Structure formats: structure tokens, C-alpha cells
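Asks: Pasting a structure here, questions to come.
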Amino acid sequence: MKYSYTNYYKNPKQDNAMFQVAESLFPEGMCETAFEKITSWPDYKQTDLIELDDFAKEMGVAKIYYKDESTRLNLGAFKALGGAYAVQHVLEQRELNGDDSPLTVCTATDGNHGRSVSWGAQQKNIPCHIFIHAGVSEGRAKILAANGATVHRIDGNYDDSIAACIKMAEENGWQIVSDTSWEGYNEIPTQIMAGYTVLAAEEIEQLEALNVMPTHIILPAGCGGMAGALIAYYWKHWREDLPQIIVMESDMSDCVLESMQRDKIHLVDIVDETLMAGLSCGEVSELAWPILRYGASHVITVGDEGVKEMMRYLAKSEGNRPNIEGGECSASGLITLKTFVDNPELAESANINENSVILMLGTEGATDPELYKEIVG
Ligand SMILES: Cc1ncc(COP(=O)(O)O)c(C=O)c1O
């Protein structure tokens, strides 16, 4: 089946000089500190970078490298690097300030971020409240509750769950640990983004060990926090050799693309929920926005058509490749590449051809086990 796309934006603003805004995201030493602390956690282990030679052949590109986050810290998604790290940061700051008042943390989530925060809170015996929206599956809610969190289900979409979380935090004096940022709320999301860069540091080390330089990197975006963090980190490392960055979104929550087209943050009202639950976010993170604005070479939005097919494709071993547990969001890189290849005007626009070396991110494993089983069998 040929994959189609809903919308595509080639970024005329991508410009290395302007792109130095990425420099200002992380204060000196912040990513290095995150790396030191996270890599010293007892459960830390580098995740695999897997070559998808079979898929590369089918797509007519030179190489594909797939970073498999399904085994990340036993939490099944890259988000493990952010939320739990931010909980640790909050505790360390309180200790520094001599603050020993009772602490309760809270966040809104469509699953994976909340899992990370609740896991981090559970390790430290801190009460935790998690706000989920109507579309979050019962399977995901159960996992949050199993981590000891009080789960509040809110009518409406992800952005409604954020509003409810902020209101309850104000009323009860809870500490919000959000992965998205807004005016006046930046410190914790910056730490979360610094946590995510551990993944980019691993990728760079793994690619360099193979003596490989990617030509294109595909990043999925919800609020864009992860994409923004990784682009900033890649920029610090590669500078003007930065590969082309392709940001992909669900067409049901296309806040990055809509903002790019308007050249300012635009709130998207999510009406339908994508299967790629982690991408269902209607507003770009304020911290990520300037980096995406200048750092994303291409933004593409797609429907859910390819999600199940690509999850099943990953689950089957092919040649020397092991079977990969790829959750709904992990299909995003494969769908995006196939969409570019299936539509010659896109392939040409992004210069994707037989010489291309693609780095993609499998951001989660079976984080909703029941749904995964239903789809993959
Ligand atoms: C599995 C997965 N992939 C990708 C994303 C998108 O990350 P961000 O919201 O930082 O853009 C999320 C966010 O929750 C996620 O859970």
C-alpha cells in the first residue's frame, strides 16, 4: 500500500546561524550532569541501535539505524529518562534550599511521561497525582496506579488534563513535573529535556563506533520536547554538519506543523485521538519551539494508516535482525520514511535516495500491553 501524507512543510528558516538558539536551551554542563546521574542509576543500560537492512533495501536507501527504546530502564519508553530525572532534581533542589516541607508531585500525561514521574516518585516514597484524559486507555491507567500514583481521569483531551493538573496543583500546593513548558514554567521541563539527551549521547557514541554519519534523522513530536532536546544536542555535536531533521506528527495533533506555517505557536484543538497516543498533544512546548522553528528541516503529518502494519513489521525478525517490540509511536519513523519514498515530490524535496543513511527512533515498546497484543498478536 502506498502511504500518503496529510501535510508537509519544508522549513525555509532552517539556518545554521539562526539555529544557534539551540545553544541557549541547556546551560553549560546541564546535559553532562544529566548523563552522569542517569547513567549511575542501578537499572541504567544503553539501549540498542539496530540496523534495519531489510527495510533499507525495500525503501531503496543505503542504511537505516533504529534506536530501540523498548528496554529503557524497564519502563518501556525513552520518557523514562525525563520524568524520573526531574523528580530527582526537585528533591535535590529542596535539599539544597533546606526545604523539608511535605512534597507531592503531579503531572498530566497520555501515559509514558506519567509512568516515568510516578516511578521516580515511588522510588522516593513521594505521593504522586497523575491526570489523564478521556482517550488514555485503561491499560495505561492501570500501569500508573501500579506505580502508586493517584490517577485522575479528566473529560476532554490532553490539554484539558494539563489545565486540570495546574488547577489542582495550585489548590493543593503540589509540585508540577510536566514535560511540556509554558510561560513562567521552564525549569523542570528543561531538566526533563536534558534527561532525554542521554539518548542522543548514546546514539552518537554508537554511530561513531560504527563510523557512520547519518544524512537524515526522523523524530516524532507530541509537544516537541523530545525533538527539541535532541536537535539541540545534535547541533552542539555536529554543528554545520547536522543531518537533515524530519519531524513527524499525527495529522490529528499537528501543532508543530501548524505553528511552523504561522511562524508562531498555534494551539490545535484535538478532536480525534491518534493510535500513536504519545503524540497526541495540541500545543508545542515553549522551550522546544525556537529550536524546532529553526532546526527542523521538514515537518510532515500523517494519519494512522501505517501504524499497525509497521508495528507488525518490527515484531517479525528478518535476516540477521531480531524481532523488535515497537509500540504505536515506534512505527513513526518507518511510516515517515515510507511516506517520503512513496511520494517522489517529498523524496526529492528532502533528498532521500540510495545514498541516504537514516537514523530513526523507536520511542516505546508495548507500553499499552493489551493494545499491543491486539495489534501484533
Ligand atoms: C512513546 C512516545 N514517543 C514520542 C513522544 C513525543 O514526545 P514529546 O511530547 O516530547 O514531543 C511521546 C510523548 O509522550 C511518547 O510517549
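Residues are named by chain letter and number: chains run A, B, ... in the order of the C-alpha cells, numbers start at 1 in each chain, and ligands are numbered from 1 in the order shown.
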Please extract the residues at most 6 Å from ligand 1, counting only C-alpha atoms and all ligand atoms, and provide them as number ranges by chain, using the chain letters and residue numbers of this document.
Replies: A: 77, 112-113, 220-227, 278-279, 329, 363-364
Asks: Just list the residues in segment 23-156 of chain A DSSP gives alpha helix (DSSP H) on the backbone, as a count of residues only.
Replies: 51
Asks: Would you give me, as number ranges by chain, the residues in segment 10-209 of chain A that DSSP reads as strand (DSSP E or B)?
Replies: A: 10, 49-51, 63-68, 77, 105-109, 128-133, 150-154, 175-176, 182, 185
Asks: Take the selection from the previous step and output its residues with C-alpha atoms, as an mmCIF file, in the first residue's frame.
Replies:
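Dumped to out.cif:
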data_model
loop_
_atom_site.group_PDB
_atom_site.id
_atom_site.type_symbol
_atom_site.label_atom_id
_atom_site.label_comp_id
_atom_site.auth_asym_id
_atom_site.auth_seq_id
_atom_site.Cartn_x
_atom_site.Cartn_y
_atom_site.Cartn_z
ATOM 1 C CA LYS A 10 9.806 22.434 4.162
ATOM 2 C CA LEU A 49 20.862 0.759 17.887
ATOM 3 C CA ILE A 50 19.564 -1.787 15.397
ATOM 4 C CA GLU A 51 20.263 -1.860 11.652
ATOM 5 C CA LYS A 63 21.199 2.281 5.667
ATOM 6 C CA ILE A 64 18.653 2.628 8.466
ATOM 7 C CA TYR A 65 19.530 2.729 12.164
ATOM 8 C CA TYR A 66 16.691 2.251 14.644
ATOM 9 C CA LYS A 67 17.242 3.250 18.278
ATOM 10 C CA ASP A 68 15.147 0.827 20.300
ATOM 11 C CA ALA A 77 9.937 4.200 26.600
ATOM 12 C CA VAL A 105 4.255 15.747 42.718
ATOM 13 C CA CYS A 106 1.758 15.749 39.854
ATOM 14 C CA THR A 107 1.617 15.807 36.082
ATOM 15 C CA ALA A 108 -0.656 15.391 33.084
ATOM 16 C CA THR A 109 0.217 12.598 30.691
ATOM 17 C CA CYS A 128 2.032 11.409 43.148
ATOM 18 C CA HIS A 129 -1.107 12.503 41.270
ATOM 19 C CA ILE A 130 -1.434 11.800 37.554
ATOM 20 C CA PHE A 131 -4.001 13.440 35.255
ATOM 21 C CA ILE A 132 -5.068 11.515 32.166
ATOM 22 C CA HIS A 133 -7.608 12.463 29.521
ATOM 23 C CA THR A 150 -3.476 8.506 42.315
ATOM 24 C CA VAL A 151 -4.925 8.653 38.810
ATOM 25 C CA HIS A 152 -7.468 11.360 37.879
ATOM 26 C CA ARG A 153 -9.345 10.843 34.626
ATOM 27 C CA ILE A 154 -10.420 14.136 33.045
ATOM 28 C CA GLN A 175 4.789 20.373 42.562
ATOM 29 C CA ILE A 176 4.044 20.023 38.844
ATOM 30 C CA TRP A 182 4.633 27.316 29.198
ATOM 31 C CA TYR A 185 7.178 27.226 33.811
#
Asks: Set the distance at 9 Å and use only C-alpha atoms: which residues neighbour Thr215 of chain A once local chain neighbours fewer than 3 positions away are removed? I'd like the list as a VMD selection string.
Replies: chain A and resid 242 to 245 352 355 to 359
Asks: Take the selection from the previous step and output its residues with all heavy atoms, as a PDB file, in the first residue's frame.
Replies:
ATOM      1  N   LEU A 242      25.150  19.071  10.772  1.00  0.00           N
ATOM      2  CA  LEU A 242      23.890  18.496  11.267  1.00  0.00           C
ATOM      3  C   LEU A 242      23.134  17.831  10.114  1.00  0.00           C
ATOM      4  O   LEU A 242      22.927  18.443   9.068  1.00  0.00           O
ATOM      5  CB  LEU A 242      23.017  19.618  11.850  1.00  0.00           C
ATOM      6  CG  LEU A 242      21.721  19.161  12.498  1.00  0.00           C
ATOM      7  CD1 LEU A 242      22.010  18.580  13.878  1.00  0.00           C
ATOM      8  CD2 LEU A 242      20.746  20.325  12.616  1.00  0.00           C
ATOM      9  N   PRO A 243      22.713  16.574  10.294  1.00  0.00           N
ATOM     10  CA  PRO A 243      21.906  15.925   9.249  1.00  0.00           C
ATOM     11  C   PRO A 243      20.578  16.659   9.053  1.00  0.00           C
ATOM     12  O   PRO A 243      20.185  17.481   9.893  1.00  0.00           O
ATOM     13  CB  PRO A 243      21.654  14.523   9.831  1.00  0.00           C
ATOM     14  CG  PRO A 243      22.707  14.312  10.872  1.00  0.00           C
ATOM     15  CD  PRO A 243      23.019  15.675  11.418  1.00  0.00           C
ATOM     16  N   GLN A 244      19.879  16.349   7.984  1.00  0.00           N
ATOM     17  CA  GLN A 244      18.535  16.920   7.813  1.00  0.00           C
ATOM     18  C   GLN A 244      17.619  16.314   8.871  1.00  0.00           C
ATOM     19  O   GLN A 244      17.652  15.111   9.111  1.00  0.00           O
ATOM     20  CB  GLN A 244      17.989  16.581   6.433  1.00  0.00           C
ATOM     21  CG  GLN A 244      18.720  17.276   5.324  1.00  0.00           C
ATOM     22  CD  GLN A 244      17.900  17.200   4.037  1.00  0.00           C
ATOM     23  OE1 GLN A 244      16.768  17.679   3.965  1.00  0.00           O
ATOM     24  NE2 GLN A 244      18.490  16.605   3.025  1.00  0.00           N
ATOM     25  N   ILE A 245      16.823  17.172   9.483  1.00  0.00           N
ATOM     26  CA  ILE A 245      15.937  16.710  10.553  1.00  0.00           C
ATOM     27  C   ILE A 245      14.504  16.686  10.026  1.00  0.00           C
ATOM     28  O   ILE A 245      13.985  17.706   9.553  1.00  0.00           O
ATOM     29  CB  ILE A 245      15.981  17.669  11.769  1.00  0.00           C
ATOM     30  CG1 ILE A 245      17.417  17.871  12.269  1.00  0.00           C
ATOM     31  CG2 ILE A 245      15.034  17.193  12.862  1.00  0.00           C
ATOM     32  CD1 ILE A 245      18.005  16.766  13.079  1.00  0.00           C
ATOM     33  N   ILE A 352      16.095  12.305  -0.356  1.00  0.00           N
ATOM     34  CA  ILE A 352      16.185  10.916   0.135  1.00  0.00           C
ATOM     35  C   ILE A 352      16.365  10.014  -1.081  1.00  0.00           C
ATOM     36  O   ILE A 352      15.539  10.001  -1.995  1.00  0.00           O
ATOM     37  CB  ILE A 352      14.918  10.542   0.940  1.00  0.00           C
ATOM     38  CG1 ILE A 352      14.941  11.320   2.267  1.00  0.00           C
ATOM     39  CG2 ILE A 352      14.864   9.036   1.207  1.00  0.00           C
ATOM     40  CD1 ILE A 352      13.791  11.044   3.188  1.00  0.00           C
ATOM     41  N   ASN A 355      21.660   6.918  -1.440  1.00  0.00           N
ATOM     42  CA  ASN A 355      22.823   7.222  -0.589  1.00  0.00           C
ATOM     43  C   ASN A 355      22.430   7.618   0.833  1.00  0.00           C
ATOM     44  O   ASN A 355      23.295   7.905   1.665  1.00  0.00           O
ATOM     45  CB  ASN A 355      23.630   8.384  -1.200  1.00  0.00           C
ATOM     46  CG  ASN A 355      24.131   8.027  -2.583  1.00  0.00           C
ATOM     47  OD1 ASN A 355      24.581   6.909  -2.795  1.00  0.00           O
ATOM     48  ND2 ASN A 355      24.013   8.959  -3.531  1.00  0.00           N
ATOM     49  N   SER A 356      21.157   7.656   1.103  1.00  0.00           N
ATOM     50  CA  SER A 356      20.715   8.184   2.402  1.00  0.00           C
ATOM     51  C   SER A 356      20.955   7.192   3.544  1.00  0.00           C
ATOM     52  O   SER A 356      20.732   5.990   3.403  1.00  0.00           O
ATOM     53  CB  SER A 356      19.217   8.517   2.348  1.00  0.00           C
ATOM     54  OG  SER A 356      18.985   9.469   1.330  1.00  0.00           O
ATOM     55  N   VAL A 357      21.401   7.761   4.655  1.00  0.00           N
ATOM     56  CA  VAL A 357      21.615   6.976   5.879  1.00  0.00           C
ATOM     57  C   VAL A 357      20.671   7.563   6.930  1.00  0.00           C
ATOM     58  O   VAL A 357      20.819   8.718   7.333  1.00  0.00           O
ATOM     59  CB  VAL A 357      23.083   7.080   6.349  1.00  0.00           C
ATOM     60  CG1 VAL A 357      23.283   6.336   7.668  1.00  0.00           C
ATOM     61  CG2 VAL A 357      24.022   6.547   5.267  1.00  0.00           C
ATOM     62  N   ILE A 358      19.689   6.780   7.322  1.00  0.00           N
ATOM     63  CA  ILE A 358      18.586   7.308   8.132  1.00  0.00           C
ATOM     64  C   ILE A 358      18.708   6.833   9.582  1.00  0.00           C
ATOM     65  O   ILE A 358      18.874   5.642   9.836  1.00  0.00           O
ATOM     66  CB  ILE A 358      17.218   6.803   7.587  1.00  0.00           C
ATOM     67  CG1 ILE A 358      17.144   6.879   6.065  1.00  0.00           C
ATOM     68  CG2 ILE A 358      16.064   7.479   8.300  1.00  0.00           C
ATOM     69  CD1 ILE A 358      16.859   8.200   5.470  1.00  0.00           C
ATOM     70  N   LEU A 359      18.594   7.782  10.489  1.00  0.00           N
ATOM     71  CA  LEU A 359      18.525   7.446  11.916  1.00  0.00           C
ATOM     72  C   LEU A 359      17.087   7.675  12.360  1.00  0.00           C
ATOM     73  O   LEU A 359      16.522   8.748  12.110  1.00  0.00           O
ATOM     74  CB  LEU A 359      19.485   8.346  12.703  1.00  0.00           C
ATOM     75  CG  LEU A 359      19.438   8.240  14.234  1.00  0.00           C
ATOM     76  CD1 LEU A 359      19.833   6.850  14.717  1.00  0.00           C
ATOM     77  CD2 LEU A 359      20.365   9.290  14.864  1.00  0.00           C
TER      78      LEU A 359
END
Asks: Excluding Phe26 of chain A and its own-chain neighbours fewer than 4 positions away, which residues fall within 10 Å of it when counting only C-alpha atoms? Please give them as JSON, numbers by chain.
Replies: {"A": [22, 30, 31, 190, 191, 193, 194, 229, 232, 233]}
Asks: Just N, CA, C and O atoms for this one: save the residues we selected as an mmCIF file, in the first residue's frame.
Replies:
data_model
loop_
_atom_site.group_PDB
_atom_site.id
_atom_site.type_symbol
_atom_site.label_atom_id
_atom_site.label_comp_id
_atom_site.auth_asym_id
_atom_site.auth_seq_id
_atom_site.Cartn_x
_atom_site.Cartn_y
_atom_site.Cartn_z
ATOM 1 N N ALA A 22 19.633 27.108 19.642
ATOM 2 C CA ALA A 22 19.738 25.812 20.322
ATOM 3 C C ALA A 22 20.784 25.859 21.431
ATOM 4 O O ALA A 22 20.684 25.157 22.425
ATOM 5 N N MET A 30 24.686 21.174 31.833
ATOM 6 C CA MET A 30 23.422 20.546 32.262
ATOM 7 C C MET A 30 23.250 19.135 31.671
ATOM 8 O O MET A 30 22.837 18.202 32.366
ATOM 9 N N CYS A 31 23.565 18.984 30.394
ATOM 10 C CA CYS A 31 23.402 17.660 29.769
ATOM 11 C C CYS A 31 24.430 16.679 30.330
ATOM 12 O O CYS A 31 24.131 15.502 30.535
ATOM 13 N N THR A 190 13.051 21.900 31.290
ATOM 14 C CA THR A 190 14.430 21.938 30.764
ATOM 15 C C THR A 190 15.225 20.751 31.298
ATOM 16 O O THR A 190 15.982 20.110 30.560
ATOM 17 N N GLN A 191 15.031 20.433 32.578
ATOM 18 C CA GLN A 191 15.731 19.281 33.151
ATOM 19 C C GLN A 191 15.270 17.983 32.475
ATOM 20 O O GLN A 191 16.065 17.081 32.228
ATOM 21 N N MET A 193 14.174 17.699 29.431
ATOM 22 C CA MET A 193 14.786 17.658 28.106
ATOM 23 C C MET A 193 16.267 17.268 28.210
ATOM 24 O O MET A 193 16.791 16.524 27.380
ATOM 25 N N ALA A 194 16.935 17.751 29.257
ATOM 26 C CA ALA A 194 18.346 17.367 29.455
ATOM 27 C C ALA A 194 18.441 15.860 29.683
ATOM 28 O O ALA A 194 19.357 15.198 29.175
ATOM 29 N N ALA A 229 14.886 18.770 22.329
ATOM 30 C CA ALA A 229 16.060 18.422 23.133
ATOM 31 C C ALA A 229 17.119 17.738 22.273
ATOM 32 O O ALA A 229 18.311 18.072 22.330
ATOM 33 N N ALA A 232 18.784 20.089 19.712
ATOM 34 C CA ALA A 232 19.759 20.982 20.369
ATOM 35 C C ALA A 232 21.056 20.221 20.665
ATOM 36 O O ALA A 232 22.158 20.742 20.470
ATOM 37 N N TYR A 233 20.902 18.994 21.111
ATOM 38 C CA TYR A 233 22.089 18.193 21.442
ATOM 39 C C TYR A 233 22.854 17.819 20.176
ATOM 40 O O TYR A 233 24.081 17.924 20.114
#
Asks: Find the spatial neighbours of Gly83 of chain A, counting only C-alpha atoms, within a cut-off of 9 Å - ignore same-chain residues fewer than 4 positions away - and output them as a list in words.
Replies: Lys79, Val87, Gln88, His113, Gly114, Arg115, Ser116, Val117, Ser118, Trp119, Gly120, Val177, Ser178, Asp179, Pro189, Gln191, Ile192 and Gly195 of chain A
Asks: Save the residues we just selected, N, CA, C and O atoms, as a compact mmCIF listing (two decimals), in the first residue's frame?
Replies:
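The resulting out_37.txt:
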# COMPACT_ATOMS: atom_id res chain seq x y z
N LYS A 79 10.80 8.10 27.61
CA LYS A 79 10.30 9.06 28.59
C LYS A 79 10.84 8.77 29.99
O LYS A 79 10.82 9.64 30.86
N VAL A 87 12.08 14.37 38.94
CA VAL A 87 11.70 14.16 40.35
C VAL A 87 12.97 14.21 41.21
O VAL A 87 13.00 14.86 42.26
N GLN A 88 14.01 13.56 40.74
CA GLN A 88 15.29 13.59 41.46
C GLN A 88 15.80 15.03 41.58
O GLN A 88 16.25 15.46 42.64
N HIS A 113 5.02 9.64 30.04
CA HIS A 113 5.67 10.61 30.93
C HIS A 113 5.20 10.36 32.37
O HIS A 113 6.00 10.36 33.31
N GLY A 114 3.91 10.13 32.53
CA GLY A 114 3.35 9.89 33.87
C GLY A 114 3.94 8.64 34.49
O GLY A 114 4.16 8.56 35.71
N ARG A 115 4.22 7.66 33.64
CA ARG A 115 4.81 6.43 34.15
C ARG A 115 6.19 6.71 34.73
O ARG A 115 6.58 6.19 35.78
N SER A 116 6.93 7.56 34.04
CA SER A 116 8.27 7.92 34.49
C SER A 116 8.22 8.71 35.80
O SER A 116 8.96 8.43 36.74
N VAL A 117 7.31 9.70 35.85
CA VAL A 117 7.20 10.52 37.07
C VAL A 117 6.74 9.65 38.25
O VAL A 117 7.30 9.71 39.35
N SER A 118 5.74 8.80 38.01
CA SER A 118 5.21 8.00 39.12
C SER A 118 6.24 6.99 39.59
O SER A 118 6.37 6.72 40.79
N TRP A 119 7.01 6.47 38.67
CA TRP A 119 8.09 5.54 39.04
C TRP A 119 9.14 6.27 39.88
O TRP A 119 9.57 5.78 40.93
N GLY A 120 9.53 7.47 39.43
CA GLY A 120 10.52 8.26 40.17
C GLY A 120 10.01 8.61 41.57
O GLY A 120 10.75 8.53 42.56
N VAL A 177 5.36 18.36 37.66
CA VAL A 177 6.55 17.85 36.96
C VAL A 177 6.12 17.56 35.51
O VAL A 177 5.87 16.42 35.13
N SER A 178 6.01 18.63 34.73
CA SER A 178 5.46 18.49 33.38
C SER A 178 6.57 18.41 32.34
O SER A 178 7.61 19.05 32.47
N ASP A 179 6.32 17.62 31.28
CA ASP A 179 7.30 17.51 30.19
C ASP A 179 7.09 18.61 29.16
O ASP A 179 7.92 18.80 28.27
N PRO A 189 10.78 21.38 32.89
CA PRO A 189 10.84 20.85 31.52
C PRO A 189 12.25 20.90 30.92
O PRO A 189 12.62 20.03 30.13
N GLN A 191 15.03 20.43 32.58
CA GLN A 191 15.73 19.28 33.15
C GLN A 191 15.27 17.98 32.48
O GLN A 191 16.07 17.08 32.23
N ILE A 192 13.97 17.92 32.20
CA ILE A 192 13.44 16.72 31.52
C ILE A 192 14.08 16.58 30.14
O ILE A 192 14.52 15.50 29.74
N GLY A 195 17.47 15.31 30.42
CA GLY A 195 17.43 13.85 30.63
C GLY A 195 17.32 13.10 29.30
O GLY A 195 18.02 12.12 29.06
Asks: One number please: atom CA of Phe340 of chain A to atom CA of Leu219 of chain A, in Å, one decimal.
Replies: 14.0 Å
Asks: Compare A:Ser40, A:Arg239, A:Tyr8, A:Ile188 by their minimum atom-to-atom distance to His89 of chain A, counting only C-alpha atoms, and give me the closest one.
Replies: A:Ile188
Asks: What does the distance between atom CA of Ser285 of chain A and atom CA of Gly228 of chain A come to in Å, to one decimal place?
Replies: 8.9 Å
Asks: Using only C-alpha atoms, pick whichever of A:Met252, A:Val284, A:Ala209, A:Ala121 has the shortest atom-to-atom distance to Leu267 of chain A.
Replies: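 With only C-alpha atoms as the atom set, the closest residue is A:Val284.
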Asks: Could you check the closest approach to Glu328 of chain A for each of A:Ala86, A:Met276, A:Ile300, A:Ile162 and tell me which residue wins, using only C-alpha atoms?
Replies: A:Met276
